[in-house]
Every structure is written in structure tokens, then in C-alpha cells.
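Undergrad: The structure's right below; bear with me while I get my questions together.
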Amino acid sequence: MTLSGCGSKGAVDTAPLEKSFASAEPATKTSADQVVSAIKASDYAGAASQLQKLAAQAKLTPEQQQAVKDVLAQVQKQLSDFAAKVGKDAQKAAGDLQKSLPK
């Protein structure tokens, strides 16, 4: 599921994640790169899933663990904001539909 169109592109700061995984093992760095790509594509659900997999790896340094936590919190906020916006839009659409029905 790709979430896009919420107008908050770039709202997630991936720099700490990219920096902390720059010299990681190739497989781990690839996972971090996939997270960054998902975030840049506004695929926050995919990014959250990848971040959770990355967080489960036992070999992460404390800096990497903190970067994963911080970015995951930002991604979860984006998902929450998007869900709230969709809910408001749906309520407005339902109200508009009610007004347009003949009485």
C-alpha cells in the first residue's frame, strides 16, 4: 500500500539513518537504503515495515538503533496524519453527498 498525496513530502528526515548506516555491512546497508527509498517515494507503510525488520537485527550499533527509532517515529506520524486527513475527507464527502440528495 502506497500512501501519497498528503502534501508532506520530505517531512521525514532520513539523514541520520543514512549517516549511521553508511559503513554498515552490505546487507544491512541495503535494507537501510530500501527504507530511505520508500520514504522518498512517500511509501510510509513500506518504510515502517522495513524499519521494523531493520530494528529486529541484533547487530545494530546504538547509533543505528537510535536512528531507526527516530525515523520510525517520524514515519508513524506521517501514517497517522495521513489517516486523519483521509478520515476528514471522507466525512466531508459524506456530508456533501447528504446535502446533494433530494429531500
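Simple scheme: letters A, B, ... for chains in C-alpha cells order, numbers from 1 for residues in each chain, numbers from 1 for ligands in the order shown.
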Using only C-alpha atoms, determine which residues lie at most 10 Å from Ile39 of chain A, disregarding the query and same-chain residues fewer than 6 positions distant; provide the list as a ChimeraX atom specification.
TA: /A:9-14,33,45-48,71,75
Undergrad: For Ser31 of chain A, work out the shell of residues within 12 Å, counting only C-alpha atoms and skipping chain neighbours fewer than 5 positions away, then give it as a count of residues only.
TA: 23
Undergrad: So which one's closest to Asp43 of chain A, A:Lys92, A:Thr28, A:Leu97, A:Gln76? Using only C-alpha atoms, please.
TA: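 Looking only at the distances to Asp43 of chain A, the closest residue turns out to be A:Gln76.
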Undergrad: Go through A:Val35, A:Ala93, A:Ala67, A:Ala83 and flag the residue nearest Ser20 of chain A, using only C-alpha atoms for the distances.
TA: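 Between A:Val35, A:Ala93, A:Ala67, A:Ala83, the residue approaching Ser20 of chain A most closely is A:Ala67.
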Undergrad: Within chain A, find each residue whose DSSP state, derived from the backbone, is helix (DSSP H, G or I), and express the selection as a ChimeraX atom specification.
TA: /A:15-20,26-40,44-55,62-100
Undergrad: Pick from A:Lys59, A:Lys40, A:Asp89, A:Lys69: nearest to Ala27 of chain A, with only C-alpha atoms counted?
TA: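 The answer is A:Lys59, which sits nearest to Ala27 of chain A.
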Undergrad: For each of A:Ser23, A:Ala41, A:Gly95, A:Phe82, take the minimum atom-to-atom distance to Thr61 of chain A, counting only C-alpha atoms, then give the residue where this is smallest.
TA: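 Of all the options, A:Ser23 lies closest to Thr61 of chain A.
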